[in-house]
Amino acid sequence: MIGTKQDALIEITQLVKQYVMGRETVTVLKGVSLSVYPGDFVAIVGPSGSGKSTMMNVIGCLDTPTDGSYKLDGTEVRGLSDNKLADIRNKKIGFIFQGFHLLPKLTALENCELPLIYRGLPAKQRREMAMTALEQVGLGERVHHRPSELSGGQQQRVAIARALATNPPILLADEPTGALDMKTGQEVLSLIEELNRKGHTIVLITHDMDVAKRAGRTVVMRDGELTETVGRRETHEAQPRLPDGVQERLVEQA
Ligand SMILES: Nc1ncnc2c1ncn2[C@@H]1O[C@H](COP(=O)(O)OP(=O)(O)O)[C@@H](O)[C@H]1O
Ligand SMILES: [Mg+2]
């Protein structure tokens, strides 16, 4: 192998998720393994009922594995208390949902401040960070609008800004274009791609192969198992080194 392998940000090994329903145990995830490296853009694609949202809940620390291991940025998540889960979630993950999940009575700015309140940051700093996030998604002019005063695409961009406000390493998106028309959905995907280019690690969950194609790598979920990987794994393999001095000269010329 060339160079050194970076540590995985998400490292899932033989993960099992079961639900107990009365006297029956339903196994929804049946020994799933997945590694996501810093800077990756991974799509998890699969039909309805295959276990994608369950996977998202586990990756997002909204739920814990029944068996197997999930290491998030080096920390084993299985067995953590609810408080610890909430804490790690707030620090490591920004969520983007199909239905936006904005609070209707709050302005765009106030919605983006919410995850920062949890951090206990002073009001002025919260406002600045929320403002920066809204500018990043191109909504700097709409910060005092309420969700009902914004289009669906703009609402999703507010939700993306809220996910960005805490500057988490991972953005986790579950069907982020599912409630949008084609053109607006494409715009939201372009924004997600741009955030990936800026260094955010993206995990995108979708049933739509065309949406999944926008990712660098696609894994397919079928009946609780990850069956295939399509596409390139680009970011975690170190680039071949240039001869000594060449890199420095390129930088000087730039
Ligand atoms: N809390 C739960 N209790 C019992 N079964 C569940 C629960 N959540 C999901 N399931 C079952 O797990 C399977 C996968 O669901 P889900 O992860 O929502 O799939 P997807 O997001 O791919 O549509 C489904 O058969 C669903 O009924
Ligand atoms: Mg789902």
# chains A, B, ... in the order shown; residues from 1 in each chain; ligands from 1
call {"tool": "select_by_dssp", "arguments": {"residues": "segment 105-202 of chain A", "states": "strand (DSSP E)", "output": "ChimeraX atom specification"}}
result
/A:170-174,201-202
call {"tool": "closest_atom_pairs", "arguments": {"of": "chain A", "to": "ligand 2", "cutoff": "7 Å", "atoms": "only C-alpha atoms and all ligand atoms", "output": "CSV"}}
result
residue,atom,partner,partner_atom_place_in_ligand_line,distance
A:Ser48,CA,ligand 2,1 (Mg),6.4
A:Gly49,CA,ligand 2,1 (Mg),6.9
A:Lys52,CA,ligand 2,1 (Mg),5.5
A:Ser53,CA,ligand 2,1 (Mg),4.1
call {"tool": "residues_near_ligand", "arguments": {"ligand": "ligand 1", "cutoff": "8 Å", "atoms": "only C-alpha atoms and all ligand atoms", "output": "short mmCIF file (atom, residue, chain, number, x, y, z; two decimals) with N, CA and C atoms, in the first residue's frame"}}
result
data_model
loop_
_atom_site.label_atom_id
_atom_site.label_comp_id
_atom_site.auth_asym_id
_atom_site.auth_seq_id
_atom_site.Cartn_x
_atom_site.Cartn_y
_atom_site.Cartn_z
N GLN A 18 -31.46 -5.53 16.46
CA GLN A 18 -32.69 -6.30 16.61
C GLN A 18 -33.72 -5.48 17.37
N TYR A 19 -34.96 -5.70 17.06
CA TYR A 19 -36.06 -5.14 17.83
C TYR A 19 -36.87 -6.29 18.42
N VAL A 20 -37.23 -6.15 19.67
CA VAL A 20 -38.09 -7.15 20.29
C VAL A 20 -39.53 -6.66 20.19
N MET A 21 -40.37 -7.46 19.55
CA MET A 21 -41.79 -7.12 19.42
C MET A 21 -42.59 -8.24 20.04
N VAL A 26 -37.07 -9.27 15.90
CA VAL A 26 -36.87 -8.98 14.48
C VAL A 26 -35.44 -8.50 14.29
N THR A 27 -34.70 -9.17 13.41
CA THR A 27 -33.33 -8.74 13.13
C THR A 27 -33.34 -7.86 11.89
N VAL A 28 -33.12 -6.57 12.08
CA VAL A 28 -33.23 -5.61 10.97
C VAL A 28 -31.87 -5.43 10.28
N GLY A 46 -30.92 1.56 -1.23
CA GLY A 46 -31.61 0.28 -1.08
C GLY A 46 -33.10 0.48 -1.07
N PRO A 47 -33.86 -0.58 -1.32
CA PRO A 47 -35.32 -0.44 -1.38
C PRO A 47 -35.92 -0.14 0.00
N SER A 48 -37.17 0.28 -0.02
CA SER A 48 -37.90 0.55 1.20
C SER A 48 -37.95 -0.70 2.07
N GLY A 49 -37.73 -0.53 3.36
CA GLY A 49 -37.80 -1.66 4.28
C GLY A 49 -36.51 -2.45 4.40
N SER A 50 -35.44 -2.03 3.69
CA SER A 50 -34.21 -2.80 3.70
C SER A 50 -33.35 -2.54 4.94
N GLY A 51 -33.67 -1.47 5.69
CA GLY A 51 -32.92 -1.19 6.91
C GLY A 51 -32.10 0.09 6.88
N LYS A 52 -32.34 0.94 5.87
CA LYS A 52 -31.53 2.16 5.72
C LYS A 52 -31.73 3.13 6.89
N SER A 53 -32.98 3.36 7.26
CA SER A 53 -33.21 4.33 8.34
C SER A 53 -32.70 3.79 9.67
N THR A 54 -32.82 2.48 9.85
CA THR A 54 -32.26 1.87 11.06
C THR A 54 -30.75 2.10 11.10
N MET A 55 -30.11 1.94 9.96
CA MET A 55 -28.67 2.17 9.83
C MET A 55 -28.35 3.63 10.14
N MET A 56 -29.16 4.53 9.59
CA MET A 56 -28.96 5.96 9.84
C MET A 56 -29.10 6.27 11.33
N HIS A 207 -33.31 5.89 -1.53
CA HIS A 207 -33.78 4.72 -2.29
C HIS A 207 -33.57 4.97 -3.78
N MET A 221 -27.88 -1.59 0.40
CA MET A 221 -28.50 -2.32 1.51
C MET A 221 -29.62 -3.18 0.96
N ASP A 223 -32.26 -6.17 2.47
CA ASP A 223 -32.76 -7.03 3.55
C ASP A 223 -31.78 -7.10 4.73
N GLY A 224 -31.33 -5.92 5.16
CA GLY A 224 -30.50 -5.85 6.36
C GLY A 224 -29.05 -6.19 6.18
#
call {"tool": "closest_residue", "arguments": {"among": "A:Leu102, A:Leu172, A:Ala108, A:Val45", "to": "His144 of chain A", "atoms": "only C-alpha atoms"}}
result
A:Ala108
call {"tool": "residues_around", "arguments": {"residues": "Asp73 of chain A", "least_positions_apart": "5", "cutoff": "7 Å", "atoms": "only C-alpha atoms", "output": "PDB file with C-alpha atoms, in the first residue's frame"}}
result
ATOM      1  CA  ALA A   8     -11.887   5.773   9.759  1.00  0.00           C
ATOM      2  CA  LEU A   9     -14.336   8.356  11.060  1.00  0.00           C
ATOM      3  CA  ILE A  10     -17.100   5.739  11.059  1.00  0.00           C
TER       4      ILE A  10
END
call {"tool": "closest_atom_pairs", "arguments": {"of": "segment 35-105 of chain A", "to": "segment 118-123 of chain A", "cutoff": "12 Å", "atoms": "only C-alpha atoms", "output": "Markdown table"}}
result
| residue | atom | partner | partner_atom | distance |
| --- | --- | --- | --- | --- |
| A:Ala86 | CA | A:Tyr118 | CA | 9.8 |
| A:Asp87 | CA | A:Arg119 | CA | 9.0 |
| A:Ile88 | CA | A:Arg119 | CA | 11.4 |
| A:Arg89 | CA | A:Tyr118 | CA | 11.2 |
| A:Asn90 | CA | A:Arg119 | CA | 8.0 |
| A:Lys91 | CA | A:Arg119 | CA | 8.8 |
call {"tool": "write_last_selection", "arguments": {"atoms": "C-alpha atoms", "output": "mmCIF file, in the first residue's frame"}}
result
data_model
loop_
_atom_site.group_PDB
_atom_site.id
_atom_site.type_symbol
_atom_site.label_atom_id
_atom_site.label_comp_id
_atom_site.auth_asym_id
_atom_site.auth_seq_id
_atom_site.Cartn_x
_atom_site.Cartn_y
_atom_site.Cartn_z
ATOM 1 C CA ALA A 86 -26.545 12.992 22.923
ATOM 2 C CA ASP A 87 -23.190 14.583 23.576
ATOM 3 C CA ILE A 88 -21.286 12.683 20.893
ATOM 4 C CA ARG A 89 -24.171 13.321 18.462
ATOM 5 C CA ASN A 90 -24.046 17.064 19.021
ATOM 6 C CA LYS A 91 -20.286 17.175 18.491
#
call {"tool": "atom_distance", "arguments": {"atom1": "atom CA of Gly185 of chain A", "atom2": "atom CA of Thr166 of chain A"}}
result
24.0 Å
call {"tool": "closest_residue", "arguments": {"among": "A:Glu141, A:Asp210, A:Glu228, A:Glu194", "to": "Gly39 of chain A", "atoms": "only C-alpha atoms"}}
result
A:Glu194
call {"tool": "atom_distance", "arguments": {"atom1": "atom CA of Thr229 of chain A", "atom2": "atom CA of Val42 of chain A"}}
result
9.9 Å
call {"tool": "closest_residue", "arguments": {"among": "A:Leu109, A:Ala173, A:Leu191, A:Cys61", "to": "Gln136 of chain A", "atoms": "only C-alpha atoms"}}
result
A:Leu191
